[in-house]
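As provided, final.txt (compact mmCIF, C-alpha atoms and all ligand atoms) reads as follows.
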```
# COMPACT_ATOMS: atom_id res chain seq x y z
CA VAL J 1 -3.89 18.24 -13.15
CA THR J 2 -1.79 17.70 -16.25
CA THR J 3 1.28 15.54 -15.96
CA ASP J 4 3.99 14.93 -18.50
CA ALA J 5 4.24 11.12 -18.77
CA PRO J 6 8.10 10.89 -18.83
CA ASP J 7 8.33 13.27 -15.84
CA ALA J 8 5.65 11.30 -14.03
CA ARG J 9 7.48 8.03 -14.73
CA ARG J 10 10.75 9.48 -13.44
CA ARG J 11 9.07 10.61 -10.20
CA VAL J 12 7.31 7.26 -9.79
CA ILE J 13 10.66 5.49 -10.27
CA GLU J 14 12.35 7.79 -7.73
CA ALA J 15 9.55 7.14 -5.26
CA ALA J 16 9.91 3.38 -5.89
CA ASP J 17 13.68 3.59 -5.29
CA GLY J 18 13.02 5.39 -2.00
CA ALA J 19 10.44 2.78 -1.06
CA ARG J 20 12.94 -0.01 -1.80
CA ARG J 21 15.55 1.64 0.43
CA ALA J 22 12.98 1.98 3.23
CA LEU J 23 12.04 -1.67 2.73
CA ALA J 24 15.67 -2.83 2.92
CA ARG J 25 16.04 -0.85 6.16
CA ASP J 26 12.84 -2.34 7.64
CA LEU J 27 13.93 -5.86 6.71
CA HIS J 28 17.42 -5.33 8.10
CA ASP J 29 16.33 -3.77 11.39
CA GLY J 30 13.32 -6.03 11.85
CA ALA J 31 13.02 -9.62 10.65
CA GLN J 32 16.74 -10.00 9.88
CA GLN J 33 17.75 -9.12 13.46
CA GLN J 34 15.13 -11.48 14.85
CA PHE J 35 16.33 -14.36 12.65
CA VAL J 36 19.95 -13.64 13.61
CA THR J 37 18.95 -13.83 17.28
CA ALA J 38 17.12 -17.10 16.67
CA LEU J 39 20.20 -18.58 14.92
CA MET J 40 22.49 -17.51 17.77
CA SER J 41 20.24 -19.21 20.31
CA LEU J 42 20.13 -22.37 18.17
CA ARG J 43 23.94 -22.50 17.89
CA LEU J 44 24.33 -22.06 21.65
CA ALA J 45 21.70 -24.73 22.28
CA GLN J 46 23.62 -27.13 20.03
CA ARG J 47 26.81 -26.45 21.97
CA LYS J 48 25.10 -27.01 25.36
CA TRP J 49 23.11 -30.07 24.18
CA ASP J 50 25.20 -32.67 26.10
CA SER J 51 26.81 -30.63 28.89
CA ASP J 52 23.76 -28.64 30.01
CA PRO J 53 20.46 -29.95 28.58
CA VAL J 54 18.37 -27.66 30.80
CA ARG J 55 20.14 -24.59 29.40
CA ALA J 56 19.89 -26.06 25.90
CA LYS J 57 16.13 -26.34 26.28
CA GLU J 58 15.88 -22.71 27.44
CA LEU J 59 17.89 -21.64 24.42
CA LEU J 60 15.59 -23.61 22.10
CA ASP J 61 12.60 -21.83 23.63
CA ALA J 62 14.28 -18.47 23.06
CA ALA J 63 15.08 -19.41 19.45
CA LEU J 64 11.47 -20.40 18.80
CA GLU J 65 10.25 -17.12 20.23
CA SER J 66 12.62 -15.08 18.04
CA ALA J 67 11.74 -17.05 14.89
CA ASP J 68 8.05 -16.57 15.65
CA ALA J 69 8.51 -12.83 16.11
CA ALA J 70 10.50 -12.65 12.87
CA LEU J 71 7.70 -14.34 10.98
CA CYS J 72 5.14 -11.90 12.40
CA THR J 73 7.33 -8.96 11.39
CA LEU J 74 7.62 -10.33 7.86
CA ARG J 75 3.89 -10.92 7.58
CA ASP J 76 3.11 -7.36 8.63
CA LEU J 77 5.65 -6.02 6.17
CA VAL J 78 4.27 -8.07 3.29
CA ALA J 79 0.68 -7.07 4.06
CA GLY J 80 1.74 -3.39 4.00
CA ILE J 81 3.55 -3.72 0.67
CA HIS J 82 0.81 -5.44 -1.25
CA PRO J 83 -2.52 -6.10 0.39
CA PRO J 84 -3.20 -9.85 -0.02
CA ILE J 85 -6.85 -9.12 -0.64
CA LEU J 86 -5.96 -7.24 -3.83
CA ALA J 87 -4.01 -10.14 -5.36
CA HIS J 88 -6.49 -12.83 -4.31
CA LEU J 89 -9.88 -11.18 -4.54
CA GLY J 90 -9.32 -8.28 -6.88
CA LEU J 91 -10.02 -4.60 -6.94
CA ALA J 92 -13.69 -4.63 -5.96
CA ALA J 93 -13.03 -6.53 -2.71
CA ALA J 94 -9.93 -4.46 -1.92
CA VAL J 95 -11.86 -1.22 -2.46
CA GLU J 96 -14.64 -2.46 -0.20
CA ALA J 97 -12.12 -3.32 2.51
CA SER J 98 -10.56 0.12 2.19
CA ALA J 99 -13.94 1.86 2.32
CA ALA J 100 -14.85 -0.10 5.44
CA ARG J 101 -12.32 2.00 7.41
CA VAL J 102 -14.13 5.21 6.50
CA PRO J 103 -16.58 6.26 9.21
CA ILE J 104 -19.15 7.75 6.77
CA PRO J 105 -21.30 5.92 4.20
CA VAL J 106 -19.36 5.15 1.01
CA SER J 107 -21.28 4.02 -2.06
CA ILE J 108 -19.24 1.61 -4.12
CA ASP J 109 -19.64 0.67 -7.75
CA VAL J 110 -16.62 -1.26 -8.99
CA THR J 111 -16.27 -3.35 -12.12
CA PRO J 112 -15.76 -7.05 -11.33
CA GLU J 113 -13.27 -7.33 -14.24
CA ARG J 114 -9.68 -8.21 -13.34
CA LEU J 115 -7.13 -5.78 -14.74
CA SER J 116 -3.37 -5.96 -15.12
CA ASP J 117 -1.32 -6.00 -11.88
CA PRO J 118 0.17 -2.51 -12.33
CA ILE J 119 -3.22 -0.99 -13.09
CA GLU J 120 -4.96 -2.76 -10.19
CA ALA J 121 -2.21 -1.71 -7.79
CA SER J 122 -2.22 1.91 -8.94
CA VAL J 123 -6.01 2.15 -8.86
CA TYR J 124 -6.08 0.60 -5.38
CA PHE J 125 -3.52 3.06 -3.99
CA PHE J 126 -5.41 5.87 -5.71
CA VAL J 127 -8.63 4.92 -3.90
CA VAL J 128 -6.83 4.45 -0.56
CA GLU J 129 -5.21 7.92 -0.77
CA ALA J 130 -8.41 9.58 -1.97
CA LEU J 131 -10.48 8.03 0.85
CA THR J 132 -7.80 8.93 3.38
CA ASN J 133 -8.06 12.52 2.14
CA VAL J 134 -11.84 12.38 2.57
CA MET J 135 -11.34 11.34 6.21
CA LYS J 136 -8.54 13.83 6.89
CA HIS J 137 -9.74 16.93 5.07
CA ALA J 138 -13.27 16.81 3.66
CA GLY J 139 -15.62 16.88 6.66
CA ALA J 140 -17.99 15.03 4.34
CA SER J 141 -21.21 13.22 5.21
CA ARG J 142 -20.88 10.73 2.35
CA ALA J 143 -18.45 9.53 -0.26
CA GLY J 144 -18.47 7.37 -3.36
CA VAL J 145 -16.11 5.21 -5.37
CA ARG J 146 -16.86 4.29 -8.96
CA ILE J 147 -14.55 2.23 -11.14
CA ALA J 148 -15.84 1.45 -14.60
CA ILE J 149 -14.61 0.38 -17.99
CA ASP J 150 -15.90 2.58 -20.83
CA ALA J 151 -14.68 1.39 -24.22
CA ASP J 152 -10.87 1.09 -23.85
CA GLN J 153 -10.66 3.43 -20.88
CA LEU J 154 -10.72 2.78 -17.20
CA SER J 155 -12.45 5.50 -15.28
CA VAL J 156 -11.84 5.81 -11.54
CA GLU J 157 -13.87 8.31 -9.57
CA VAL J 158 -13.75 9.13 -5.87
CA SER J 159 -16.11 11.81 -4.66
CA ASP J 160 -17.30 13.38 -1.43
CA ASP J 161 -19.76 16.09 -0.39
CA GLY J 162 -17.32 17.89 1.90
CA VAL J 163 -15.70 21.32 2.06
CA GLY J 164 -13.81 21.16 -1.25
CA GLY J 165 -10.59 23.07 -1.88
CA ALA J 166 -8.41 20.07 -2.69
CA ALA J 167 -5.24 20.93 -4.58
CA PRO J 168 -1.88 19.18 -5.08
CA ARG J 169 0.81 20.58 -2.81
CA GLY J 170 3.76 20.08 -5.16
CA ASP J 171 5.60 17.68 -2.88
CA SER J 172 5.16 14.50 -4.97
CA THR J 173 3.09 12.77 -2.33
CA GLY J 174 -0.70 12.78 -1.88
CA LEU J 175 -2.64 14.19 -4.82
CA GLU J 176 0.54 14.94 -6.75
CA GLY J 177 1.69 11.35 -6.23
CA LEU J 178 -1.70 10.20 -7.56
CA ALA J 179 -1.35 12.40 -10.63
CA ASP J 180 2.11 10.89 -11.20
CA ARG J 181 0.91 7.30 -10.85
CA VAL J 182 -1.92 7.98 -13.29
CA GLY J 183 0.41 9.88 -15.64
CA ALA J 184 2.88 7.00 -15.60
CA LEU J 185 0.06 4.82 -16.99
CA ASP J 186 -0.55 7.45 -19.72
CA GLY J 187 -3.71 8.50 -17.97
CA VAL J 188 -5.00 11.86 -16.78
CA LEU J 189 -6.30 13.02 -13.42
CA ASP J 190 -8.99 15.62 -13.05
CA VAL J 191 -9.59 17.29 -9.68
CA ALA J 192 -12.86 19.17 -9.24
CA SER J 193 -13.05 20.69 -5.78
CA PRO J 194 -14.82 24.04 -5.58
CA ALA J 195 -14.92 25.66 -2.13
CA GLY J 196 -17.94 24.28 -0.28
CA GLY J 197 -18.85 22.06 -3.23
CA GLY J 198 -17.34 18.70 -2.41
CA THR J 199 -14.47 17.00 -4.18
CA THR J 200 -14.42 14.69 -7.17
CA LEU J 201 -11.25 13.04 -8.41
CA VAL J 202 -11.51 11.35 -11.79
CA ALA J 203 -8.67 9.36 -13.31
CA GLN J 204 -8.96 8.15 -16.91
CA ILE J 205 -6.51 5.41 -17.74
CA PRO J 206 -6.17 3.85 -21.21
CA LEU J 207 -6.45 0.05 -21.08
CA ASN J 208 -4.49 -0.80 -24.23
N1 LIG J 301 -11.33 15.34 -0.24
C1 LIG J 301 -10.80 16.53 0.15
N2 LIG J 301 -11.61 17.51 0.66
C2 LIG J 301 -11.09 18.70 1.05
N3 LIG J 301 -9.79 19.03 0.95
C3 LIG J 301 -8.95 18.12 0.44
C4 LIG J 301 -9.39 16.82 0.02
N4 LIG J 301 -8.32 16.14 -0.45
C5 LIG J 301 -7.28 16.96 -0.31
N5 LIG J 301 -7.62 18.15 0.22
C6 LIG J 301 -6.75 19.33 0.46
O1 LIG J 301 -5.69 19.29 -0.49
C7 LIG J 301 -4.45 19.20 0.19
C8 LIG J 301 -3.51 18.28 -0.56
O2 LIG J 301 -3.88 16.91 -0.42
P1 LIG J 301 -2.76 15.82 -0.45
O3 LIG J 301 -1.87 16.10 -1.62
O4 LIG J 301 -3.37 14.47 -0.39
O5 LIG J 301 -1.89 16.12 0.84
P2 LIG J 301 -2.13 15.67 2.37
O6 LIG J 301 -3.32 14.75 2.44
O7 LIG J 301 -0.86 14.98 2.73
O8 LIG J 301 -2.35 16.96 3.13
C9 LIG J 301 -4.75 18.73 1.58
O9 LIG J 301 -3.81 19.21 2.50
C10 LIG J 301 -6.13 19.32 1.82
O10 LIG J 301 -6.00 20.65 2.26
MG MG J 302 -3.44 13.08 1.25
```
What is this structure when it is put down as structure tokens?
Amino acid sequence: VTTDAPDARRRVIEAADGARRALARDLHDGAQQQFVTALMSLRLAQRKWDSDPVRAKELLDAALESADAALCTLRDLVAGIHPPILAHLGLAAAVEASAARVPIPVSIDVTPERLSDPIEASVYFFVVEALTNVMKHAGASRAGVRIAIDADQLSVEVSDDGVGGAAPRGDSTGLEGLADRVGALDGVLDVASPAGGGTTLVAQIPLN
């Protein structure tokens, strides 16, 4: 897959804009509503404090419940945006966690080096999408993830021994989205996926 870097960057930016809009919507409809509800209950409780302490106590309970729910909603949202394990423990641990969801053996060989945030994030999402594809499409009996630094290049390889036939679908998600992410980092993505011969995705990303 060859990708023109400026085109890839434009598509990555468009996708990021879309993601931000979705995020604003999620925040507005989720945690924001729950905090608004909590505030309303607190205001009512304050008003009833002297005249109706029993009601005030009920309202405090309701406010606590809403604030609690809002916090849970926020936590879930944050975990979905940027897996905490990636920031704290790095790529190798995050890749292992992602591979643990795959119900076939996955051999993992990942450099322990820490890389820049944008590269770690892109590589992580690359591996997540590639392993999701293995589960969805490959019918494989095993898979592998290899992330290595060779000279000034990062090489990321995800392979399986499944049915092959992987190809981008031209809809800027999935494999095409991966090619764009890699292209935006001035890297290249190679897809080898002969019918019946398994699939190997290799991204080469310059490190300087
Ligand atoms: N590891 C794989 N093994 C076999 N086929 C694959 C694999 N990965 C992708 N494909 C094929 O390539 C297509 C495009 O993949 P992708 O762009 O990720 O789209 P999606 O996963 O949303 O269908 C898939 O629909 C599937 O037919
Ligand atoms: Mg996919």
(request) List all protein, DNA and RNA residues that have at least one atom no more than 10 Å from any atom of ligand LIG 301 (chain J), counting all atoms listed in the file, and write them as a VMD selection string. (result) chain J and resid 129 to 140 143 158 to 179 191 to 201
(message) Report as a PyMOL selection string all protein, DNA and RNA residues lying within 10 Å of Val36 (chain J), evaluated on only C-alpha atoms, omitting residues in the same chain fewer than 5 positions from it.
(response) chain J and resi 31+41-42+63+66-67+70
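Separating CA of Ala87 (chain J) from CA of Ala16 (chain J) is a distance of 19.4 Å.
Going from CA of Ala151 (chain J) to CA of Arg114 (chain J) covers 15.3 Å.
Counting all atoms listed in the file, the residue from J:Ile119, J:Leu185, J:Ala93, J:Val145 that sits nearest to Asp4 (chain J) is J:Leu185.
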(message) Need to verify the contact set: Leu189 (chain J), 7 Å, only C-alpha atoms, exclusion of same-chain residues closer than 5 positions in sequence. Can you return it as a PyMOL selection string?
(response) chain J and resi 1+179+182+202-204
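Here CA of Leu27 (chain J) and CA of Asp68 (chain J) stand 15.1 Å from one another.
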(request) Select, from J:Leu64, J:Ala99, J:Val127, J:Leu89, the residue with the minimum atom-to-atom distance to ligand MG 302 (chain J), counting all atoms listed in the file. (result) J:Val127
(request) Excluding Val110 (chain J) and residues on its chain fewer than 2 positions from it, collect all residues at most 8 Å away from it, counting all atoms listed in the file, and give them as a list in words. (result) Leu91, Ala92, Ile108, Pro112, Val145, Arg146, Ile147 and Ala148 of chain J
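Among J:Gly187, J:Gly30, J:Pro118, J:Gly144, the residue with the shortest atom-to-atom distance to Leu86 (chain J), counting only C-alpha atoms, is J:Pro118.
Closest to ligand MG 302 (chain J) among J:Val128, J:Ile13, J:Val78, J:Asp26 is J:Val128, based on all atoms listed in the file.
Ranking J:Ala94, J:Arg101, J:Phe126, J:Leu44 by their shortest atom-to-atom distance to ligand MG 302 (chain J), with only C-alpha atoms and all ligand atoms included, puts J:Phe126 first.
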(request) Give the answer as one residue: which of J:Gln46, J:Phe125, J:Leu39, J:Arg142 has the shortest atom-to-atom distance to ligand MG 302 (chain J), using only C-alpha atoms and all ligand atoms? (result) J:Phe125
